[in-house]
file data-v9.cif (mmCIF, C-alpha atoms)
data_run
loop_
_atom_site.group_PDB
_atom_site.id
_atom_site.type_symbol
_atom_site.label_atom_id
_atom_site.label_comp_id
_atom_site.auth_asym_id
_atom_site.auth_seq_id
_atom_site.Cartn_x
_atom_site.Cartn_y
_atom_site.Cartn_z
ATOM 1 C CA MET O 1 72.042 128.799 117.837
ATOM 2 C CA ASP O 2 72.928 128.572 114.177
ATOM 3 C CA ALA O 3 76.449 128.334 112.798
ATOM 4 C CA SER O 4 76.926 132.061 112.234
ATOM 5 C CA GLU O 5 75.720 132.885 115.754
ATOM 6 C CA LEU O 6 78.044 130.255 117.241
ATOM 7 C CA GLY O 7 80.938 131.489 115.124
ATOM 8 C CA GLY O 8 80.312 135.060 116.245
ATOM 9 C CA LEU O 9 80.205 134.327 119.991
ATOM 10 C CA SER O 10 82.657 136.121 122.213
ATOM 11 C CA VAL O 11 84.461 133.300 124.009
ATOM 12 C CA ALA O 12 85.535 133.945 127.607
ATOM 13 C CA LYS O 13 87.403 130.679 128.042
ATOM 14 C CA GLN O 14 88.709 128.243 125.484
ATOM 15 C CA VAL O 15 89.949 124.758 126.260
ATOM 16 C CA ASP O 16 91.795 122.678 123.707
ATOM 17 C CA ALA O 17 91.184 118.988 124.402
ATOM 18 C CA ARG O 18 92.048 117.803 120.891
ATOM 19 C CA GLY O 19 94.029 114.614 120.814
ATOM 20 C CA THR O 20 92.669 113.378 124.150
ATOM 21 C CA ALA O 21 90.310 110.425 124.369
ATOM 22 C CA CYS O 22 87.401 109.785 126.710
ATOM 23 C CA PRO O 23 87.106 111.012 129.476
ATOM 24 C CA GLY O 24 89.680 113.694 128.504
ATOM 25 C CA PRO O 25 87.495 116.373 126.871
ATOM 26 C CA LEU O 26 84.791 116.208 129.549
ATOM 27 C CA LEU O 27 87.409 116.317 132.306
ATOM 28 C CA GLU O 28 89.120 119.283 130.605
ATOM 29 C CA ALA O 29 85.739 121.030 130.379
ATOM 30 C CA LYS O 30 85.125 120.456 134.084
ATOM 31 C CA ARG O 31 88.570 121.796 134.973
ATOM 32 C CA ALA O 32 88.252 124.822 132.709
ATOM 33 C CA VAL O 33 84.730 125.889 133.674
ATOM 34 C CA ALA O 34 86.049 127.206 136.983
ATOM 35 C CA ALA O 35 88.140 129.700 135.002
ATOM 36 C CA CYS O 36 85.163 130.840 132.909
ATOM 37 C CA PRO O 37 83.185 133.732 134.415
ATOM 38 C CA VAL O 38 79.529 133.037 135.254
ATOM 39 C CA GLY O 39 77.517 134.056 132.192
ATOM 40 C CA GLY O 40 80.561 133.688 129.946
ATOM 41 C CA VAL O 41 80.914 131.383 126.978
ATOM 42 C CA MET O 42 83.333 128.475 127.059
ATOM 43 C CA GLU O 43 84.520 126.808 123.885
ATOM 44 C CA ILE O 44 85.848 123.250 123.971
ATOM 45 C CA LEU O 45 87.892 121.944 121.064
ATOM 46 C CA SER O 46 87.705 118.180 120.776
ATOM 47 C CA SER O 47 88.616 115.540 118.233
ATOM 48 C CA ASP O 48 86.343 113.032 119.993
ATOM 49 C CA GLU O 49 82.895 112.941 118.422
ATOM 50 C CA GLY O 50 81.300 111.850 121.712
ATOM 51 C CA THR O 51 82.192 115.195 123.313
ATOM 52 C CA MET O 52 79.156 117.017 121.900
ATOM 53 C CA GLU O 53 76.612 114.717 123.522
ATOM 54 C CA ASP O 54 78.797 114.384 126.650
ATOM 55 C CA VAL O 55 79.004 118.142 127.179
ATOM 56 C CA SER O 56 75.371 118.691 126.215
ATOM 57 C CA ARG O 57 74.139 116.236 128.877
ATOM 58 C CA TRP O 58 76.637 117.465 131.427
ATOM 59 C CA CYS O 59 75.422 121.059 130.901
ATOM 60 C CA ALA O 60 71.818 119.947 131.470
ATOM 61 C CA LYS O 61 72.802 118.244 134.723
ATOM 62 C CA MET O 62 75.002 121.101 135.963
ATOM 63 C CA GLN O 63 72.457 123.726 134.863
ATOM 64 C CA HIS O 64 74.770 125.302 132.336
ATOM 65 C CA GLU O 65 73.522 126.172 128.848
ATOM 66 C CA TYR O 66 74.639 124.141 125.859
ATOM 67 C CA LEU O 67 74.838 126.515 122.920
ATOM 68 C CA GLY O 68 75.782 124.164 120.095
ATOM 69 C CA ASP O 69 78.700 122.854 118.106
ATOM 70 C CA LEU O 70 80.531 123.482 114.849
ATOM 71 C CA GLU O 71 82.479 120.953 112.849
ATOM 72 C CA ALA O 72 85.969 122.126 111.942
ATOM 73 C CA ASP O 73 88.800 120.413 110.136
ATOM 74 C CA GLY O 74 89.098 117.089 111.948
ATOM 75 C CA TYR O 75 87.657 118.339 115.220
ATOM 76 C CA TRP O 76 84.595 119.958 116.767
ATOM 77 C CA ARG O 77 84.079 123.320 118.435
ATOM 78 C CA VAL O 78 81.645 122.899 121.307
ATOM 79 C CA PHE O 79 80.061 125.977 122.908
ATOM 80 C CA MET O 80 78.438 126.312 126.309
ATOM 81 C CA ARG O 81 77.539 129.117 128.668
ATOM 82 C CA ARG O 82 78.445 128.892 132.333
ATOM 83 C CA LYS O 83 75.261 129.690 134.239
ATOM 84 C CA LYS O 84 76.289 129.379 137.873
ATOM 85 C CA MET E 1 35.944 117.134 161.776
ATOM 86 C CA THR E 2 39.537 116.831 162.872
ATOM 87 C CA THR E 3 40.620 118.732 165.863
ATOM 88 C CA GLU E 4 43.699 120.913 165.939
ATOM 89 C CA ALA E 5 45.408 118.334 168.146
ATOM 90 C CA GLU E 6 44.742 115.576 165.584
ATOM 91 C CA ARG E 7 46.140 117.745 162.796
ATOM 92 C CA ASP E 8 49.264 118.502 164.772
ATOM 93 C CA GLU E 9 49.716 114.809 165.486
ATOM 94 C CA LEU E 10 49.321 113.993 161.780
ATOM 95 C CA ILE E 11 51.904 116.630 160.843
ATOM 96 C CA ARG E 12 54.274 115.274 163.485
ATOM 97 C CA GLN E 13 53.908 111.736 162.129
ATOM 98 C CA LEU E 14 54.359 112.806 158.512
ATOM 99 C CA THR E 15 57.428 114.877 159.381
ATOM 100 C CA ALA E 16 58.946 111.872 161.120
ATOM 101 C CA ARG E 17 58.260 109.677 158.080
ATOM 102 C CA VAL E 18 59.759 112.207 155.654
ATOM 103 C CA GLU E 19 62.858 112.516 157.829
ATOM 104 C CA ALA E 20 63.198 108.716 157.936
ATOM 105 C CA LEU E 21 62.885 108.533 154.146
ATOM 106 C CA GLU E 22 65.414 111.322 153.673
ATOM 107 C CA ALA E 23 67.900 109.520 155.876
ATOM 108 C CA GLN E 24 67.592 106.417 153.675
ATOM 109 C CA ALA E 25 67.566 108.184 150.322
ATOM 110 C CA PRO E 26 70.608 107.516 148.151
ATOM 111 C CA GLY E 27 72.914 110.473 147.712
ATOM 112 C CA ASP E 28 74.505 111.642 144.507
ATOM 113 C CA ALA E 29 77.088 108.916 144.936
ATOM 114 C CA LEU E 30 78.488 105.996 142.967
ATOM 115 C CA THR E 31 80.269 102.991 144.415
ATOM 116 C CA LEU E 32 82.511 100.896 142.195
ATOM 117 C CA GLY E 33 84.186 97.593 142.890
ATOM 118 C CA VAL E 34 87.350 96.555 141.061
ATOM 119 C CA ILE E 35 87.941 92.830 141.378
ATOM 120 C CA ASN E 36 89.007 91.513 137.963
ATOM 121 C CA GLY E 37 92.492 92.993 137.947
ATOM 122 C CA SER E 38 92.872 93.353 134.180
ATOM 123 C CA LEU E 39 94.042 96.563 132.550
ATOM 124 C CA ASP E 40 90.851 96.937 130.515
ATOM 125 C CA HIS E 41 88.403 96.372 133.379
ATOM 126 C CA THR E 42 90.363 98.630 135.728
ATOM 127 C CA MET E 43 90.591 101.370 133.093
ATOM 128 C CA ALA E 44 86.843 101.149 132.492
ATOM 129 C CA ALA E 45 86.243 101.571 136.227
ATOM 130 C CA LEU E 46 88.506 104.625 136.394
ATOM 131 C CA ILE E 47 86.931 106.239 133.316
ATOM 132 C CA VAL E 48 83.440 105.789 134.777
ATOM 133 C CA ALA E 49 84.705 107.110 138.132
ATOM 134 C CA ILE E 50 86.159 110.242 136.539
ATOM 135 C CA GLY E 51 83.014 110.774 134.466
ATOM 136 C CA ALA E 52 80.833 110.573 137.572
ATOM 137 C CA ALA E 53 83.179 112.903 139.463
ATOM 138 C CA VAL E 54 82.832 115.427 136.618
ATOM 139 C CA TYR E 55 79.090 115.221 137.328
ATOM 140 C CA ASP E 56 79.933 116.162 140.943
ATOM 141 C CA MET E 57 79.020 112.706 142.233
ATOM 142 C CA GLN E 58 80.905 111.308 145.197
ATOM 143 C CA VAL E 59 82.736 108.269 143.873
ATOM 144 C CA ASP E 60 84.154 105.470 145.994
ATOM 145 C CA ILE E 61 86.190 102.663 144.438
ATOM 146 C CA PHE E 62 86.698 99.452 146.359
ATOM 147 C CA PHE E 63 89.716 97.446 145.193
ATOM 148 C CA THR E 64 89.483 93.796 146.070
ATOM 149 C CA PHE E 65 91.105 90.475 145.101
ATOM 150 C CA TRP E 66 93.031 90.748 141.811
ATOM 151 C CA GLY E 67 92.006 94.385 141.639
ATOM 152 C CA THR E 68 94.404 95.356 144.445
ATOM 153 C CA ALA E 69 97.522 94.766 142.301
ATOM 154 C CA ALA E 70 96.707 97.927 140.319
ATOM 155 C CA LEU E 71 97.501 99.928 143.466
ATOM 156 C CA ARG E 72 101.009 98.571 143.904
ATOM 157 C CA ASP E 73 103.763 101.131 143.475
ATOM 158 C CA PRO E 74 106.672 99.535 141.580
ATOM 159 C CA LYS E 75 109.113 101.904 143.288
ATOM 160 C CA LYS E 76 108.162 100.751 146.773
ATOM 161 C CA THR E 77 109.004 97.579 148.649
ATOM 162 C CA ALA E 78 107.773 95.988 151.855
ATOM 163 C CA LYS E 79 109.128 93.339 154.220
ATOM 164 C CA LYS E 80 107.359 90.027 153.601
ATOM 165 C CA GLY E 81 107.396 86.387 154.604
ATOM 166 C CA PHE E 82 107.961 83.556 152.116
ATOM 167 C CA MET E 83 104.376 83.029 150.928
ATOM 168 C CA ASP E 84 103.691 86.759 150.657
ATOM 169 C CA LYS E 85 106.896 87.146 148.642
ATOM 170 C CA MET E 86 105.795 84.419 146.234
ATOM 171 C CA PHE E 87 102.459 86.167 145.708
ATOM 172 C CA GLY E 88 104.299 89.431 145.318
ATOM 173 C CA VAL E 89 106.377 87.996 142.484
ATOM 174 C CA MET E 90 103.366 86.481 140.721
ATOM 175 C CA LEU E 91 101.006 89.447 140.983
ATOM 176 C CA PRO E 92 101.370 92.409 138.617
ATOM 177 C CA ARG E 93 103.520 95.102 140.171
ATOM 178 C CA GLY E 94 101.276 98.093 139.637
ATOM 179 C CA ALA E 95 98.941 99.652 137.085
ATOM 180 C CA ALA E 96 101.533 99.589 134.298
ATOM 181 C CA LYS E 97 101.902 95.818 134.565
ATOM 182 C CA LEU E 98 98.294 94.663 134.444
ATOM 183 C CA PRO E 99 97.381 91.988 131.898
ATOM 184 C CA LEU E 100 94.469 92.222 129.468
ATOM 185 C CA SER E 101 91.268 90.239 130.011
ATOM 186 C CA HIS E 102 91.314 89.320 126.305
ATOM 187 C CA LEU E 103 94.117 88.995 123.755
ATOM 188 C CA GLN E 104 96.855 88.804 126.365
ATOM 189 C CA MET E 105 98.984 86.933 123.780
ATOM 190 C CA LEU E 106 101.826 86.046 126.180
ATOM 191 C CA GLY E 107 102.314 89.674 127.139
ATOM 192 C CA MET E 108 102.167 91.123 123.630
ATOM 193 C CA GLY E 109 98.541 92.240 124.054
ATOM 194 C CA PRO E 110 99.198 94.920 126.686
ATOM 195 C CA VAL E 111 102.187 96.238 124.711
ATOM 196 C CA VAL E 112 100.091 96.595 121.566
ATOM 197 C CA ILE E 113 97.075 98.075 123.344
ATOM 198 C CA LYS E 114 99.266 100.702 125.053
ATOM 199 C CA GLN E 115 100.644 101.767 121.672
ATOM 200 C CA VAL E 116 97.114 102.012 120.267
ATOM 201 C CA MET E 117 95.974 103.961 123.349
ATOM 202 C CA GLU E 118 98.821 106.427 122.983
ATOM 203 C CA LYS E 119 98.063 106.904 119.316
ATOM 204 C CA HIS E 120 94.444 107.728 120.146
ATOM 205 C CA GLY E 121 95.230 109.986 123.105
ATOM 206 C CA ALA E 122 93.843 107.565 125.698
ATOM 207 C CA LYS E 123 95.629 108.077 128.995
ATOM 208 C CA PRO E 124 97.459 105.204 130.648
ATOM 209 C CA LEU E 125 95.882 103.833 133.820
ATOM 210 C CA GLU E 126 98.477 105.567 136.022
ATOM 211 C CA GLU E 127 97.382 108.931 134.610
ATOM 212 C CA LEU E 128 93.701 108.088 135.074
ATOM 213 C CA MET E 129 94.471 107.343 138.729
ATOM 214 C CA LYS E 130 96.004 110.809 139.103
ATOM 215 C CA ASP E 131 92.985 112.451 137.445
ATOM 216 C CA ALA E 132 90.673 110.482 139.739
ATOM 217 C CA ALA E 133 92.631 111.640 142.795
ATOM 218 C CA GLU E 134 92.458 115.242 141.643
ATOM 219 C CA MET E 135 88.679 114.927 141.139
ATOM 220 C CA GLY E 136 88.196 113.703 144.712
ATOM 221 C CA VAL E 137 87.491 110.054 143.912
ATOM 222 C CA ARG E 138 88.103 107.935 147.012
ATOM 223 C CA VAL E 139 90.003 104.673 146.951
ATOM 224 C CA HIS E 140 89.463 101.886 149.465
ATOM 225 C CA VAL E 141 91.430 98.660 149.655
ATOM 226 C CA CYS E 142 90.028 95.353 150.870
ATOM 227 C CA THR E 143 92.031 94.314 153.915
ATOM 228 C CA MET E 144 91.229 90.635 153.475
ATOM 229 C CA SER E 145 92.606 90.649 149.925
ATOM 230 C CA MET E 146 95.737 92.386 151.212
ATOM 231 C CA ASP E 147 96.174 89.663 153.818
ATOM 232 C CA LEU E 148 95.542 86.817 151.383
ATOM 233 C CA MET E 149 97.912 88.144 148.770
ATOM 234 C CA GLY E 150 100.464 89.561 151.135
ATOM 235 C CA ILE E 151 100.003 93.115 149.902
ATOM 236 C CA LYS E 152 101.301 95.680 152.393
ATOM 237 C CA LYS E 153 100.269 99.298 152.835
ATOM 238 C CA GLU E 154 103.884 100.365 152.382
ATOM 239 C CA GLU E 155 103.969 99.126 148.786
ATOM 240 C CA LEU E 156 100.804 100.906 147.633
ATOM 241 C CA ILE E 157 100.632 104.143 145.648
ATOM 242 C CA ASP E 158 100.239 107.522 147.364
ATOM 243 C CA PHE E 159 96.566 108.100 146.654
ATOM 244 C CA PRO E 160 95.099 110.904 148.792
ATOM 245 C CA GLY E 161 92.839 109.519 151.508
ATOM 246 C CA ILE E 162 93.418 105.868 150.556
ATOM 247 C CA ASP E 163 92.111 103.621 153.326
ATOM 248 C CA TYR E 164 91.771 99.969 154.197
ATOM 249 C CA ILE E 165 88.312 98.549 154.771
ATOM 250 C CA GLY E 166 86.156 95.467 155.103
ATOM 251 C CA VAL E 167 82.816 94.467 153.671
ATOM 252 C CA GLY E 168 80.835 96.325 156.337
ATOM 253 C CA THR E 169 82.200 99.678 155.215
ATOM 254 C CA PHE E 170 81.648 98.739 151.585
ATOM 255 C CA VAL E 171 78.004 97.842 152.260
ATOM 256 C CA ASP E 172 77.525 101.139 154.069
ATOM 257 C CA MET E 173 78.982 102.957 151.040
ATOM 258 C CA PHE E 174 76.778 101.343 148.430
ATOM 259 C CA SER E 175 73.698 101.609 150.616
ATOM 260 C CA HIS E 176 74.107 105.398 150.364
ATOM 261 C CA ALA E 177 74.942 105.344 146.648
ATOM 262 C CA LYS E 178 72.623 105.429 143.674
ATOM 263 C CA GLN E 179 74.501 102.667 141.906
ATOM 264 C CA CYS E 180 77.084 100.035 142.638
ATOM 265 C CA TRP E 181 78.980 98.345 139.839
ATOM 266 C CA PHE E 182 81.743 95.782 139.691
ATOM 267 C CA PHE E 183 84.544 95.710 137.165
#

call {"tool": "encode", "arguments": {"input": "data-v9.cif", "output": "structure tokens"}}
result
Amino acid sequence: MDASELGGLSVAKQVDARGTACPGPLLEAKRAVAACPVGGVMEILSSDEGTMEDVSRWCAKMQHEYLGDLEADGYWRVFMRRKK
Amino acid sequence: MTTEAERDELIRQLTARVEALEAQAPGDALTLGVINGSLDHTMAALIVAIGAAVYDMQVDIFFTFWGTAALRDPKKTAKKGFMDKMFGVMLPRGAAKLPLSHLQMLGMGPVVIKQVMEKHGAKPLEELMKDAAEMGVRVHVCTMSMDLMGIKKEELIDFPGIDYIGVGTFVDMFSHAKQCWFF
């Protein structure tokens, strides 16, 4: 997905993990995904640059869909779709 | 030409072999050993444990030797004999008191590293332990280490499902795990 598509996504669940260090953002994503409806988009805000690759690989393993990421002011917006 | 009876026998044998292989196959499990007892090594173990639990792996952590001190609860006490008391005084009293493996600097190292960790949003070890518990990580304590160092069950933290085991149980755990690492 390109930046405009990512920016235009309707987000079903947002989790703000900014200011937490490893394994914080991944753990917050795991906790929050239960509250995201299947098929819905979850957005993770993280100030840890490793989160993008962490969430991308985790999605592949858990059979969720990694949609992409956007860089914001001092943090990243990471988008995924809960698939099951 | 194979007869029907020979085919059935072959299928029976293959099924038995597949079942035997399945019984031996490692599960989606990770076994960790914590022996070093430093703040940094123990934190690394807990971070890996939580990461694996996020991946829905079953994680078992075996605390042994110096590692066991991380499980002491500073608010709890236990009745001890002389030697056990001496060990009790010398060993760190819980996760918050662990030394660093490098740059201990007469106790300044841990103070500085905790400030840096807080600044960067890294959770203290006590918090990582709580996250691990919530994620279903299992904690096992080496009974021999407890005996040697005079560590009693009554002075350990309330970790759900915490149990006290020997090497046999540990071997059984890692024989069913994909990986086994020591910290």

call {"tool": "closest_residue", "arguments": {"input": "data-v9.cif", "among": "O:Ala12, O:Leu70, O:Gly7, O:Val55", "to": "O:Cys36", "atoms": "all atoms listed in the file"}}
result
O:Ala12

call {"tool": "atom_distance", "arguments": {"input": "data-v9.cif", "atom1": "atom CA of O:Leu27", "atom2": "atom CA of E:Asp131"}}
result
8.5 Å

call {"tool": "interface_residues", "arguments": {"input": "data-v9.cif", "of": "chain O", "to": "chain E", "cutoff": "8 Å", "atoms": "all atoms listed in the file", "output": "list in words"}}
result
Gly19, Thr20, Ala21, Cys22, Pro23, Gly24, Leu26, Leu27, Lys30, Trp58, Lys61 and Met62 of chain O

call {"tool": "closest_residue", "arguments": {"input": "data-v9.cif", "among": "E:Gly88, E:Gly136, E:Gly37, E:Gly27", "to": "E:Phe182", "atoms": "only C-alpha atoms"}}
result
E:Gly37

call {"tool": "resolve_selection", "arguments": {"input": "data-v9.cif", "expression": "the PyMOL selection byres ((chain E and resi 154) around 7)", "output": "ChimeraX atom specification"}}
result
/E:77-78,152-153,155-156

call {"tool": "write_last_selection", "arguments": {"input": "data-v9.cif", "atoms": "C-alpha atoms", "output": "mmCIF file, in the coordinates of the input"}}
result
data_model
loop_
_atom_site.group_PDB
_atom_site.id
_atom_site.type_symbol
_atom_site.label_atom_id
_atom_site.label_comp_id
_atom_site.auth_asym_id
_atom_site.auth_seq_id
_atom_site.Cartn_x
_atom_site.Cartn_y
_atom_site.Cartn_z
ATOM 1 C CA THR E 77 109.004 97.579 148.649
ATOM 2 C CA ALA E 78 107.773 95.988 151.855
ATOM 3 C CA LYS E 152 101.301 95.680 152.393
ATOM 4 C CA LYS E 153 100.269 99.298 152.835
ATOM 5 C CA GLU E 155 103.969 99.126 148.786
ATOM 6 C CA LEU E 156 100.804 100.906 147.633
#

call {"tool": "residues_around", "arguments": {"input": "data-v9.cif", "residues": "E:Arg72", "least_positions_apart": "6", "cutoff": "12 Å", "atoms": "all atoms listed in the file", "output": "VMD selection string"}}
result
chain E and resid 37 63 66 78 88 to 89 91 to 98 126 141 146 149 to 159

call {"tool": "resolve_selection", "arguments": {"input": "data-v9.cif", "expression": "the PyMOL selection byres ((chain O and resi 73-81) around 9)", "output": "number ranges by chain"}}
result
O: 6, 9, 11, 18, 36, 38-49, 51-52, 55-56, 59, 64-72, 82-83

call {"tool": "atom_distance", "arguments": {"input": "data-v9.cif", "atom1": "atom CA of E:Lys76", "atom2": "atom CA of E:Met90"}}
result
16.2 Å

call {"tool": "residues_around", "arguments": {"input": "data-v9.cif", "residues": "E:Ile162", "least_positions_apart": "2", "cutoff": "6 Å", "atoms": "only C-alpha atoms", "output": "VMD selection string"}}
result
chain E and resid 139 to 140 159 to 160

call {"tool": "atom_distance", "arguments": {"input": "data-v9.cif", "atom1": "atom CA of E:Leu30", "atom2": "atom CA of E:Thr42"}}
result
15.7 Å

call {"tool": "resolve_selection", "arguments": {"input": "data-v9.cif", "expression": "the PyMOL selection byres ((chain E and resi 35) around 12)", "output": "list in words"}}
result
Leu32, Gly33, Val34, Asn36, Gly37, Ser38, Leu39, Asp40, His41, Thr42, Ala45, Ile61, Phe62, Phe63, Thr64, Phe65, Trp66, Gly67, Thr68, Ala69, Ala70, Val141, Cys142, Ser145, Trp181, Phe182 and Phe183 of chain E
